[in-house]
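K.L.:
Next comes query33.pdb, PDB, C-alpha atoms:
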MODEL        1
ATOM      1  CA  PRO A  11       5.567  10.781 -19.247
ATOM      2  CA  ALA A  12       2.745  11.063 -16.758
ATOM      3  CA  SER A  13       3.808  11.227 -13.145
ATOM      4  CA  ALA A  14       2.223  11.136  -9.724
ATOM      5  CA  GLY A  15       0.628  14.482  -8.963
ATOM      6  CA  THR A  16      -0.385  16.065  -5.708
ATOM      7  CA  SER A  17      -3.864  14.540  -5.690
ATOM      8  CA  ASP A  18      -3.496  11.185  -7.441
ATOM      9  CA  ASN A  19      -5.505   8.346  -5.976
ATOM     10  CA  ILE A  20      -4.057   4.885  -5.765
ATOM     11  CA  ASP A  21      -6.561   2.150  -6.465
ATOM     12  CA  GLY A  22      -6.689  -1.564  -7.064
ATOM     13  CA  TRP A  23      -5.695  -4.461  -4.881
ATOM     14  CA  ALA A  24      -2.498  -5.751  -3.307
ATOM     15  CA  TRP A  25      -2.279  -9.490  -2.576
ATOM     16  CA  SER A  26      -0.682 -11.466   0.234
ATOM     17  CA  SER A  27      -0.969 -15.238   0.476
ATOM     18  CA  ASN A  28      -0.994 -14.752   4.284
ATOM     19  CA  ILE A  29      -3.734 -12.108   4.649
ATOM     20  CA  GLY A  30      -5.503 -12.065   1.255
ATOM     21  CA  TRP A  31      -6.597  -8.960  -0.662
ATOM     22  CA  VAL A  32      -5.824  -5.404   0.453
ATOM     23  CA  SER A  33      -8.023  -2.669  -1.050
ATOM     24  CA  MET A  34      -6.249   0.634  -1.734
ATOM     25  CA  ASN A  35      -9.410   2.695  -2.257
ATOM     26  CA  CYS A  36     -13.038   2.548  -1.078
ATOM     27  CA  GLU A  37     -14.081   2.711  -4.757
ATOM     28  CA  ASP A  38     -12.518  -0.747  -5.194
ATOM     29  CA  GLN A  39     -15.388  -2.222  -3.193
ATOM     30  CA  GLY A  40     -18.030   0.475  -3.763
ATOM     31  CA  VAL A  41     -18.183   1.323  -0.047
ATOM     32  CA  CYS A  42     -17.408   5.052  -0.168
ATOM     33  CA  GLY A  43     -19.762   7.217   1.845
ATOM     34  CA  SER A  44     -20.776   8.068   5.362
ATOM     35  CA  GLY A  45     -23.481   5.464   6.071
ATOM     36  CA  PRO A  46     -23.210   2.218   8.038
ATOM     37  CA  GLY A  47     -20.509  -0.049   6.626
ATOM     38  CA  GLN A  48     -19.086   2.782   4.501
ATOM     39  CA  SER A  49     -15.773   4.657   4.670
ATOM     40  CA  ASN A  50     -13.972   7.160   2.468
ATOM     41  CA  TYR A  51     -10.568   5.498   2.757
ATOM     42  CA  ARG A  52      -7.919   5.664   0.066
ATOM     43  CA  VAL A  53      -4.186   5.801  -0.417
ATOM     44  CA  ARG A  54      -2.975   8.898  -2.293
ATOM     45  CA  VAL A  55       0.313  10.175  -3.645
ATOM     46  CA  THR A  56       0.930  13.677  -2.276
ATOM     47  CA  GLY A  57       4.177  15.040  -3.676
ATOM     48  CA  ARG A  58       6.434  12.076  -3.073
ATOM     49  CA  ASP A  59       4.625  10.752   0.017
ATOM     50  CA  LEU A  60       2.004   8.012   0.167
ATOM     51  CA  LYS A  61      -0.757   9.055   2.542
ATOM     52  CA  GLY A  62      -3.951   7.497   3.809
ATOM     53  CA  TYR A  63      -5.311   4.060   4.522
ATOM     54  CA  ALA A  64      -5.850   0.728   2.787
ATOM     55  CA  TRP A  65      -8.245  -1.957   4.076
ATOM     56  CA  SER A  66      -7.808  -5.691   4.617
ATOM     57  CA  SER A  67     -10.805  -7.683   5.812
ATOM     58  CA  ASN A  68      -8.350  -9.987   7.616
ATOM     59  CA  ILE A  69      -6.106  -7.503   9.483
ATOM     60  CA  GLY A  70      -7.945  -4.177   9.224
ATOM     61  CA  TRP A  71      -6.487  -0.758   8.405
ATOM     62  CA  ILE A  72      -3.047  -0.294   6.866
ATOM     63  CA  GLN A  73      -1.729   3.258   7.199
ATOM     64  CA  PHE A  74       0.726   4.483   4.560
ATOM     65  CA  ASP A  75       1.863   7.593   6.445
ATOM     66  CA  PRO A  76       2.463   6.384  10.011
ATOM     67  CA  ASP A  77       5.030   7.824  12.374
ATOM     68  CA  ALA A  78       7.858   5.500  11.342
ATOM     69  CA  SER A  79      10.336   6.662  13.971
ATOM     70  CA  GLY A  80       9.903   3.314  15.740
ATOM     71  CA  ALA A  81      10.438   1.176  12.634
ATOM     72  CA  PRO A  82      12.801  -1.723  13.289
ATOM     73  CA  ASP A  83      15.617  -0.479  11.010
ATOM     74  CA  ALA A  84      16.514   2.178   8.411
ATOM     75  CA  PRO A  85      15.087   4.110   6.576
ATOM     76  CA  ASN A  86      12.670   4.910   9.445
ATOM     77  CA  GLU A  87      10.248   6.915   7.281
ATOM     78  CA  SER A  88       6.720   6.472   6.032
ATOM     79  CA  ALA A  89       6.090   5.128   2.502
ATOM     80  CA  ARG A  90       7.149   7.376  -0.371
ATOM     81  CA  VAL A  91       8.039   7.494  -4.062
ATOM     82  CA  ASP A  92      11.804   8.004  -4.266
ATOM     83  CA  ASN A  93      11.822   9.945  -7.559
ATOM     84  CA  PRO A  94       8.270  11.008  -8.530
ATOM     85  CA  GLY A  95       9.365  12.923 -11.673
ATOM     86  CA  ALA A  96      11.100   9.919 -13.254
ATOM     87  CA  PRO A  97       9.399   7.587 -15.742
ATOM     88  CA  SER A  98       9.824   4.812 -13.155
ATOM     89  CA  SER A  99      10.660   5.026  -9.462
ATOM     90  CA  ALA A 100      11.231   2.756  -6.509
ATOM     91  CA  LEU A 101       9.265   3.157  -3.288
ATOM     92  CA  SER A 102      10.913   3.204   0.119
ATOM     93  CA  GLY A 103       9.845   3.569   3.722
ATOM     94  CA  TRP A 104       7.120   1.870   5.679
ATOM     95  CA  ALA A 105       3.381   1.324   5.987
ATOM     96  CA  ARG A 106       1.816  -0.091   9.148
ATOM     97  CA  ALA A 107      -0.989  -2.504   9.883
ATOM     98  CA  LEU A 108      -2.776  -0.760  12.739
ATOM     99  CA  SER A 109      -4.462  -3.835  14.198
ATOM    100  CA  ASN A 110      -1.367  -4.463  16.284
ATOM    101  CA  ASN A 111      -0.140  -0.927  16.843
ATOM    102  CA  VAL A 112       0.381  -1.667  20.519
ATOM    103  CA  PRO A 113       3.527  -1.978  22.641
ATOM    104  CA  ASN A 114       4.666  -5.547  23.229
ATOM    105  CA  GLY A 115       2.202  -6.976  20.694
ATOM    106  CA  ASP A 116       2.678 -10.324  19.010
ATOM    107  CA  TRP A 117       4.022  -8.574  15.887
ATOM    108  CA  ASP A 118       5.003  -5.017  15.049
ATOM    109  CA  GLY A 119       2.731  -4.463  12.033
ATOM    110  CA  TRP A 120       5.421  -2.758   9.907
ATOM    111  CA  ILE A 121       5.385  -3.312   6.134
ATOM    112  CA  LYS A 122       8.633  -2.361   4.379
ATOM    113  CA  MET A 123       8.389  -1.038   0.796
ATOM    114  CA  SER A 124      11.919  -2.134  -0.201
ATOM    115  CA  GLY A 125      14.917  -3.832   1.292
ATOM    116  CA  THR A 126      17.145  -6.867   1.250
ATOM    117  CA  ALA A 127      16.082 -10.380   2.184
ATOM    118  CA  PRO A 128      17.852 -13.736   1.979
ATOM    119  CA  GLY A 129      18.213 -14.374  -1.736
ATOM    120  CA  GLY A 130      18.349 -10.736  -2.855
ATOM    121  CA  SER A 131      16.659  -7.390  -2.776
ATOM    122  CA  TYR A 132      12.946  -6.665  -3.105
ATOM    123  CA  GLY A 133      10.779  -3.617  -3.519
ATOM    124  CA  VAL A 134       7.713  -1.880  -4.881
ATOM    125  CA  SER A 135       8.094   0.489  -7.828
ATOM    126  CA  VAL A 136       5.772   2.709  -9.849
ATOM    127  CA  ASP A 137       5.823   3.004 -13.635
ATOM    128  CA  ASN A 138       4.633   6.607 -14.000
ATOM    129  CA  ALA A 139       4.286   6.318 -17.789
ATOM    130  CA  ASN A 140       1.688   3.532 -17.412
ATOM    131  CA  ASN A 141       0.308   4.449 -13.955
ATOM    132  CA  ARG A 142       1.032   0.966 -12.579
ATOM    133  CA  PHE A 143       2.776  -0.357  -9.501
ATOM    134  CA  SER A 144       4.710  -3.619  -9.366
ATOM    135  CA  GLY A 145       6.827  -5.642  -7.013
ATOM    136  CA  PHE A 146       6.628  -6.796  -3.424
ATOM    137  CA  ALA A 147       6.712  -5.246   0.042
ATOM    138  CA  TRP A 148       7.544  -7.334   3.140
ATOM    139  CA  GLY A 149       5.345  -7.394   6.215
ATOM    140  CA  GLY A 150       7.050  -9.991   8.389
ATOM    141  CA  GLU A 151       5.557 -13.306   9.436
ATOM    142  CA  VAL A 152       1.947 -12.075   9.667
ATOM    143  CA  VAL A 153       1.515 -10.126   6.409
ATOM    144  CA  GLY A 154       4.299 -11.859   4.482
ATOM    145  CA  TRP A 155       4.964 -10.720   0.911
ATOM    146  CA  LEU A 156       2.529  -8.068  -0.339
ATOM    147  CA  ASN A 157       2.290  -8.024  -4.159
ATOM    148  CA  PHE A 158       1.475  -4.619  -5.730
ATOM    149  CA  ASP A 159       1.055  -5.828  -9.345
ATOM    150  CA  MET A 160      -2.715  -5.060  -9.370
ATOM    151  CA  VAL A 161      -2.333  -1.552  -7.903
ATOM    152  CA  THR A 162      -2.692   1.474 -10.198
ATOM    153  CA  LEU A 163      -2.429   5.239 -10.077
ATOM    154  CA  ALA A 164      -5.751   6.883 -11.013
ATOM    155  CA  SER A 165      -4.105  10.004 -12.386
ATOM    156  CA  GLY A 166      -6.134  12.972 -13.534
ATOM    157  CA  GLY A 167      -9.594  11.883 -12.469
ATOM    158  CA  PRO A 168     -11.778  10.043 -10.026
ATOM    159  CA  PRO A 169     -10.717   6.614  -8.794
ATOM    160  CA  ARG A 170     -11.652   3.645 -10.936
ATOM    161  CA  ALA A 171     -13.644   0.811  -9.376
ATOM    162  CA  ARG A 172     -11.833  -2.510  -9.601
ATOM    163  CA  CYS A 173     -12.407  -6.061  -8.517
ATOM    164  CA  PRO A 174      -9.810  -8.803  -8.473
ATOM    165  CA  ILE A 175     -10.107 -10.960 -11.608
ATOM    166  CA  PHE A 176      -9.836 -14.704 -11.192
ATOM    167  CA  THR A 177      -9.242 -17.178 -13.994
ATOM    168  CA  ALA A 178      -9.025 -20.930 -13.854
TER     169      ALA A 178
ENDMDL
END
Could you rewrite the structure in this file as structure tokens?
P.N.:
Amino acid sequence: PASAGTSDNIDGWAWSSNIGWVSMNCEDQGVCGSGPGQSNYRVRVTGRDLKGYAWSSNIGWIQFDPDASGAPDAPNESARVDNPGAPSSALSGWARALSNNVPNGDWDGWIKMSGTAPGGSYGVSVDNANNRFSGFAWGGEVVGWLNFDMVTLASGGPPRARCPIFTA
């Protein structure tokens, strides 16, 4: 099976009913570049670690490789793929919404990739054979549940432009 390599881009969109769409790659919106209103952001899989930034027009930058030593509880590490060589793997660790990366803020900004909540466990996983993510991360009261079902791994080539698809 295919698996996350050292330079695989993550693209697509995560969804939260609290904050809306989160773009994983500047190609998702066609805003890559160095001009006004452009940025070369993207989340990448490097070894087993997720690195880089996603963008939410409602809360700003989300960093996938923050210093997680101040995370509220275990595992106190930045986001990562637990077993990148397996056909499917869970994610663990933390991402952080940087808009409130300040001491004594209204919320801490941490987004947990897997854990236990009332009613059971939750988590994001990657299906390496199909280059797709699925599941939910938890970002507390502000972000809420963050659904990764429309996030993909652009393995072996440039990122693919995507737009959310709506049907009625």
K.L.:
Quick one: distance from CA of Val55 in chain A to CA of Phe74 in chain A in Å, one decimal?
P.N.:
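We find that CA of Val55 in chain A and CA of Phe74 in chain A lie 10.0 Å from each other.
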K.L.:
Which residue gives the smallest distance to Ala100 in chain A among A:Ser79, A:Ser124, A:Ser44, A:Thr56, with only C-alpha atoms counted?
P.N.:
A:Ser124
K.L.:
Could you state which residues are captured by the PyMOL selection byres ((chain A and resi 26) around 12) in this file, as a ChimeraX atom specification?
P.N.:
/A:23-25,27-33,66,68-69,121,145-160
K.L.:
Considering all atoms listed in the file, state which residue in the set A:Gly103, A:Pro97, A:Gly57, A:Gly62 is at the smallest distance from Ala78 in chain A.
P.N.:
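Answer, going by the shortest atom-to-atom distance: A:Gly103.
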K.L.:
CA of Ala81 in chain A and CA of Leu163 in chain A, how far apart in Å?
P.N.:
26.4 Å
K.L.:
Rounded to one decimal, what separation in Å do you get between CA of Ser88 in chain A and CA of Gly119 in chain A?
P.N.:
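About the pair CA of Ser88 in chain A and CA of Gly119 in chain A: they are 13.1 Å apart.
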K.L.:
Please determine, counting only C-alpha atoms, which residue among A:Asn138, A:Ser98, A:Gln73, A:Ser144 has the shortest atom-to-atom distance to Asp18 in chain A.
P.N.:
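Nearest candidate to Asp18 in chain A out of A:Asn138, A:Ser98, A:Gln73, A:Ser144: A:Asn138.
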K.L.:
Out of A:Met123, A:Val53, A:Ala107, A:Ile72, which residue has the shortest atom-to-atom distance to Val91 in chain A when counting only C-alpha atoms?
P.N.:
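Among A:Met123, A:Val53, A:Ala107, A:Ile72, it is A:Met123 that comes nearest to Val91 in chain A.
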